[in-house]
Each structure stands twice: as structure tokens, then as C-alpha cells.
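query30.pdb (PDB, C-alpha atoms) appears below.
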MODEL        1
ATOM      1  CA  GLY A  18      55.182  60.672  93.259
ATOM      2  CA  ALA A  19      52.329  58.329  94.250
ATOM      3  CA  ALA A  20      50.123  61.165  95.528
ATOM      4  CA  GLY A  21      50.701  63.089  92.301
ATOM      5  CA  GLY A  22      49.833  59.975  90.271
ATOM      6  CA  ARG A  23      46.584  59.509  92.202
ATOM      7  CA  LEU A  24      45.742  63.171  91.767
ATOM      8  CA  ALA A  25      46.415  63.002  88.039
ATOM      9  CA  ALA A  26      44.319  59.831  87.752
ATOM     10  CA  ALA A  27      41.492  61.532  89.674
ATOM     11  CA  ASP A  28      41.768  64.559  87.391
ATOM     12  CA  VAL A  29      41.630  62.336  84.295
ATOM     13  CA  ALA A  30      38.597  60.498  85.690
ATOM     14  CA  ALA A  31      36.860  63.819  86.464
ATOM     15  CA  VAL A  32      37.602  65.140  82.975
ATOM     16  CA  ARG A  33      36.315  61.908  81.422
ATOM     17  CA  LYS A  34      33.150  62.042  83.517
ATOM     18  CA  ALA A  35      32.579  65.705  82.618
ATOM     19  CA  ALA A  36      33.121  64.924  78.919
ATOM     20  CA  GLY A  37      30.754  61.958  79.150
ATOM     21  CA  ASP A  38      28.117  64.074  80.883
ATOM     22  CA  ALA A  39      28.477  66.824  78.288
ATOM     23  CA  ASN A  40      28.178  64.246  75.493
ATOM     24  CA  PHE A  41      25.092  62.773  77.161
ATOM     25  CA  ARG A  42      23.440  66.194  77.499
ATOM     26  CA  ALA A  43      24.331  67.203  73.937
ATOM     27  CA  SER A  44      23.014  63.913  72.587
ATOM     28  CA  HIS A  45      19.729  64.303  74.465
ATOM     29  CA  ALA A  46      19.352  67.920  73.363
ATOM     30  CA  GLN A  47      19.901  67.014  69.691
ATOM     31  CA  CYS A  48      17.609  63.986  69.864
ATOM     32  CA  ARG A  49      14.918  65.944  71.714
ATOM     33  CA  LEU A  50      14.959  68.626  68.997
ATOM     34  CA  LEU A  51      14.687  66.048  66.210
ATOM     35  CA  TRP A  52      11.985  64.132  68.093
ATOM     36  CA  SER A  53       9.891  67.273  68.567
ATOM     37  CA  ARG A  54       9.852  67.771  64.787
ATOM     38  CA  CYS A  55       8.925  64.147  64.232
ATOM     39  CA  ALA A  56       6.251  64.088  66.958
ATOM     40  CA  ALA A  57       4.618  67.221  65.529
ATOM     41  CA  SER A  58       4.553  65.591  62.105
ATOM     42  CA  LEU A  59       2.950  62.404  63.473
ATOM     43  CA  ALA A  60       0.410  64.413  65.487
ATOM     44  CA  ALA A  61      -0.621  66.334  62.372
ATOM     45  CA  LEU A  62      -1.173  63.042  60.575
ATOM     46  CA  ARG A  63      -3.358  61.747  63.413
ATOM     47  CA  ALA A  64      -5.538  64.831  63.103
ATOM     48  CA  ALA A  65      -6.164  64.177  59.385
ATOM     49  CA  LEU A  66      -9.777  63.626  58.425
ATOM     50  CA  LEU A  67      -9.140  60.585  56.267
ATOM     51  CA  PRO A  68      -6.526  58.095  57.454
ATOM     52  CA  SER A  69      -4.035  56.854  54.893
ATOM     53  CA  ARG A  70      -1.736  53.909  55.485
ATOM     54  CA  ARG A  71       0.609  55.101  52.725
ATOM     55  CA  ARG A  72       0.954  58.561  54.288
ATOM     56  CA  PHE A  73       1.452  57.057  57.731
ATOM     57  CA  HIS A  74       4.269  54.785  56.572
ATOM     58  CA  ALA A  75       5.851  57.627  54.589
ATOM     59  CA  ARG A  76       5.719  59.880  57.656
ATOM     60  CA  VAL A  77       7.288  57.208  59.887
ATOM     61  CA  GLU A  78      10.013  56.704  57.263
ATOM     62  CA  ARG A  79      10.602  60.469  57.167
ATOM     63  CA  CYS A  80      10.836  60.466  60.980
ATOM     64  CA  ASN A  81      13.333  57.633  60.760
ATOM     65  CA  ASP A  82      15.407  59.734  58.366
ATOM     66  CA  THR A  83      15.071  62.754  60.669
ATOM     67  CA  LEU A  84      16.205  60.725  63.671
ATOM     68  CA  SER A  85      19.296  59.542  61.801
ATOM     69  CA  GLY A  86      20.867  62.757  63.150
ATOM     70  CA  CYS A  87      20.167  61.491  66.662
ATOM     71  CA  VAL A  88      23.413  59.840  67.724
ATOM     72  CA  GLY A  89      25.186  59.127  70.952
ATOM     73  CA  PRO A  90      23.883  57.844  74.257
ATOM     74  CA  ALA A  91      20.295  59.061  73.670
ATOM     75  CA  ALA A  92      19.885  57.501  70.227
ATOM     76  CA  ALA A  93      18.587  54.125  71.401
ATOM     77  CA  GLU A  94      15.878  55.719  73.553
ATOM     78  CA  TYR A  95      14.561  57.942  70.769
ATOM     79  CA  HIS A  96      14.679  55.219  68.115
ATOM     80  CA  GLU A  97      12.731  52.998  70.510
ATOM     81  CA  ARG A  98      10.198  55.817  70.931
ATOM     82  CA  LEU A  99       9.747  55.953  67.169
ATOM     83  CA  ALA A 100       9.204  52.189  67.002
ATOM     84  CA  LEU A 101       6.580  52.414  69.762
ATOM     85  CA  GLU A 102       4.858  55.358  68.063
ATOM     86  CA  ALA A 103       4.846  53.474  64.762
ATOM     87  CA  GLY A 104       3.198  50.459  66.379
ATOM     88  CA  LYS A 105       0.673  52.573  68.264
ATOM     89  CA  GLY A 106      -0.038  54.647  65.170
ATOM     90  CA  GLU A 107      -0.622  51.524  63.098
ATOM     91  CA  GLU A 108      -3.224  50.301  65.607
ATOM     92  CA  GLU A 109      -4.925  53.709  65.699
ATOM     93  CA  PHE A 110      -4.923  53.883  61.913
ATOM     94  CA  ASN A 111      -6.526  50.445  61.587
ATOM     95  CA  ALA A 112      -9.207  51.284  64.144
ATOM     96  CA  ARG A 113     -10.023  54.632  62.513
ATOM     97  CA  PHE A 114      -9.953  53.200  59.004
ATOM     98  CA  HIS A 115     -12.293  50.329  59.824
ATOM     99  CA  GLY A 116     -14.578  52.632  61.789
ATOM    100  CA  GLN A 117     -14.864  55.078  58.922
ATOM    101  CA  LEU A 118     -15.295  52.280  56.386
ATOM    102  CA  SER A 119     -18.089  50.767  58.484
ATOM    103  CA  HIS A 120     -19.732  54.176  58.831
ATOM    104  CA  ALA A 121     -19.540  54.785  55.070
ATOM    105  CA  LEU A 122     -20.985  51.343  54.327
ATOM    106  CA  PHE A 123     -23.841  51.994  56.751
ATOM    107  CA  LEU A 124     -24.665  55.334  55.113
ATOM    108  CA  LEU A 125     -24.449  53.794  51.650
ATOM    109  CA  CYS A 126     -26.806  50.975  52.652
ATOM    110  CA  VAL A 127     -29.348  53.312  54.244
ATOM    111  CA  GLY A 128     -29.192  55.551  51.177
ATOM    112  CA  GLY A 129     -29.634  52.524  48.932
ATOM    113  CA  ILE A 130     -32.614  51.257  50.934
ATOM    114  CA  LEU A 131     -34.334  54.637  50.728
ATOM    115  CA  THR A 132     -33.480  55.034  47.056
ATOM    116  CA  PHE A 133     -34.694  51.577  46.070
ATOM    117  CA  ARG A 134     -37.854  51.854  48.164
ATOM    118  CA  TYR A 135     -39.050  55.352  47.099
ATOM    119  CA  VAL A 136     -37.146  56.608  44.043
ATOM    120  CA  ALA A 137     -36.100  53.721  41.804
ATOM    121  CA  VAL A 138     -38.354  51.011  43.148
ATOM    122  CA  SER A 139     -36.574  47.657  43.182
ATOM    123  CA  ALA A 140     -37.353  45.136  45.882
ATOM    124  CA  LEU A 141     -34.319  42.993  45.043
ATOM    125  CA  ALA A 142     -31.894  45.955  45.281
ATOM    126  CA  GLU A 143     -33.533  47.062  48.539
ATOM    127  CA  VAL A 144     -33.089  43.582  50.023
ATOM    128  CA  GLY A 145     -29.459  43.578  48.838
ATOM    129  CA  CYS A 146     -28.839  46.848  50.657
ATOM    130  CA  ARG A 147     -30.482  45.475  53.785
ATOM    131  CA  LEU A 148     -28.249  42.406  53.674
ATOM    132  CA  LEU A 149     -25.149  44.593  53.388
ATOM    133  CA  LEU A 150     -25.982  46.540  56.534
ATOM    134  CA  PRO A 151     -23.165  45.992  59.049
TER     135      PRO A 151
ENDMDL
END
Reformat the file's structure so that it appears as C-alpha cells.
Amino acid sequence: GAAGGRLAAADVAAVRKAAGDANFRASHAQCRLLWSRCAASLAALRAALLPSRRRFHARVERCNDTLSGCVGPAAAEYHERLALEAGKGEEEFNARFHGQLSHALFLLCVGGILTFRYVAVSALAEVGCRLLLP
């Protein structure tokens, strides 16, 4: 009686552990698949020539919707990954945006200086362009 009860309890524990392991693996497999789609989407956005905050936020929101299918034991890890990527992406976006804006302002100022010195001569406009140089 007691040996049979211990054996049955051990069998139940083994079945529970196997079911838990299978659930864990299935959860990770599903989340990994969804994350690969999301990561590819975010990588494509990083490679864009002109950064856009609106597109970035829309893409993160789309990834959030995609990861809604990520459930089970792996869900917390992958949702945390998305939050980290969103934060890192926001920093990268700001750096790229300000860099490109500064570059465009520089080119505009140099073009203005040359234009107002040699084409449409205006000392005041040339000085204004010089003052705007970053």
C-alpha cells in the first residue's frame, strides 16, 4: 500500500515535471518565433535612411501586438526584451535624428553663406548664416 502510494506520487510528480518542461519548451519556441519577426522588423527600421519617431513607436506597438501571442513561462522574458529594445531604440533614434538635423543645418548654413556672398550678395544674410552654424 505505502510503496504503491509513493510510486504513484513519484509518477505524478514525473508527469507534472515532464508537462511543465514541455510547456516551458513550447512557450519558448512560440515566443522565439514571434520575437524573430519583431526583431527583424525593428532591425529594418534601424537601417532606414531617415529616422522617424512615429514609425518607431508604431513598429514597437506592432511588436507588442505580435508578442501578445507569447504566453506561458517565457512571456515575461520576451516582453522585457521588447521594453529594453524600445528604450535602446529610442536613444538610437534621438542620437541619429539630432546628428542628421545638425548635419542638415550645417549644410544649409554653408550653402547660405556661399549663396549670400557670391550669388545674391547680402552681408546681413551671410552673417545670419554664419551665426546659425552649429
Neighbour list for Tyr95 (chain A) as an mmCIF file with C-alpha atoms, keeping the file's coordinate frame, cut-off 8 Å, all atoms listed in the file, skip fewer than 3 positions in-chain:
data_model
loop_
_atom_site.group_PDB
_atom_site.id
_atom_site.type_symbol
_atom_site.label_atom_id
_atom_site.label_comp_id
_atom_site.auth_asym_id
_atom_site.auth_seq_id
_atom_site.Cartn_x
_atom_site.Cartn_y
_atom_site.Cartn_z
ATOM 1 C CA CYS A 48 17.609 63.986 69.864
ATOM 2 C CA TRP A 52 11.985 64.132 68.093
ATOM 3 C CA LEU A 84 16.205 60.725 63.671
ATOM 4 C CA CYS A 87 20.167 61.491 66.662
ATOM 5 C CA ALA A 91 20.295 59.061 73.670
ATOM 6 C CA ALA A 92 19.885 57.501 70.227
ATOM 7 C CA ARG A 98 10.198 55.817 70.931
ATOM 8 C CA LEU A 99 9.747 55.953 67.169
#
Exercise. Smallest atom-to-atom distance to Val77 (chain A): which of A:Ala93, A:Leu124, A:Ala64, A:Cys55, using all atoms listed in the file?
Worked result: A:Cys55
For this session: Could you tell me how far CA of Arg33 (chain A) lies from CA of Val88 (chain A), in Å and to one decimal?
Result: 18.9 Å
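Once Cys146 (chain A) and its same-chain neighbours fewer than 5 positions away are set aside, Leu125, Cys126, Val127, Gly128, Gly129, Ile130, Phe133 and Leu141 of chain A remain within 9 Å of it when counting only C-alpha atoms.
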Please produce a file of the residues just selected, as a PDB file, in the coordinates of the input, where the atoms kept are C-alpha atoms.
ATOM      1  CA  LEU A 125     -24.449  53.794  51.650  1.00  0.00           C
ATOM      2  CA  CYS A 126     -26.806  50.975  52.652  1.00  0.00           C
ATOM      3  CA  VAL A 127     -29.348  53.312  54.244  1.00  0.00           C
ATOM      4  CA  GLY A 128     -29.192  55.551  51.177  1.00  0.00           C
ATOM      5  CA  GLY A 129     -29.634  52.524  48.932  1.00  0.00           C
ATOM      6  CA  ILE A 130     -32.614  51.257  50.934  1.00  0.00           C
ATOM      7  CA  PHE A 133     -34.694  51.577  46.070  1.00  0.00           C
ATOM      8  CA  LEU A 141     -34.319  42.993  45.043  1.00  0.00           C
TER       9      LEU A 141
END
For this session: Would you mind listing what lies within 12 Å of Gly104 (chain A) as a VMD selection string, with only C-alpha atoms counted and same-chain residues fewer than 6 positions away left out?
Result: chain A and resid 73 to 74 77 97 to 98 110 to 111
Exercise. If the PyMOL selection byres ((chain A and resi 80) around 9) is run on the structure shown, which residues does it catch, given as a ChimeraX atom specification?
Worked result: /A:51-52,54-56,58-59,75-79,81-85,99
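Checking A:Ala142, A:Ala27, A:Leu50, A:Leu62 one by one against Gly106 (chain A), counting only C-alpha atoms, you find the shortest gap at A:Leu62.
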Env of Leu122 (chain A): 9 Å cut, atoms = all atoms listed in the file, seq-sep filter 5 positions within chain, self excluded. Answer as a short mmCIF file (atom, residue, chain, number, x, y, z; two decimals) with C-alpha atoms, keeping the file's coordinate frame.
data_model
loop_
_atom_site.label_atom_id
_atom_site.label_comp_id
_atom_site.auth_asym_id
_atom_site.auth_seq_id
_atom_site.Cartn_x
_atom_site.Cartn_y
_atom_site.Cartn_z
CA GLN A 117 -14.86 55.08 58.92
CA VAL A 127 -29.35 53.31 54.24
CA LEU A 149 -25.15 44.59 53.39
CA LEU A 150 -25.98 46.54 56.53
CA PRO A 151 -23.16 45.99 59.05
#
Exercise. Which of these, A:Arg70, A:Tyr135, A:Ser53, A:Phe123, has the shortest distance to Leu148 (chain A) once you count only C-alpha atoms?
Worked result: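 Checking each candidate against Leu148 (chain A), we get A:Phe123 as the closest.
Pairwise distance (CA of Leu101 (chain A), CA of Ala57 (chain A)) equals 15.5 Å.
CA of Arg71 (chain A) is found 17.9 Å from CA of Gly116 (chain A).
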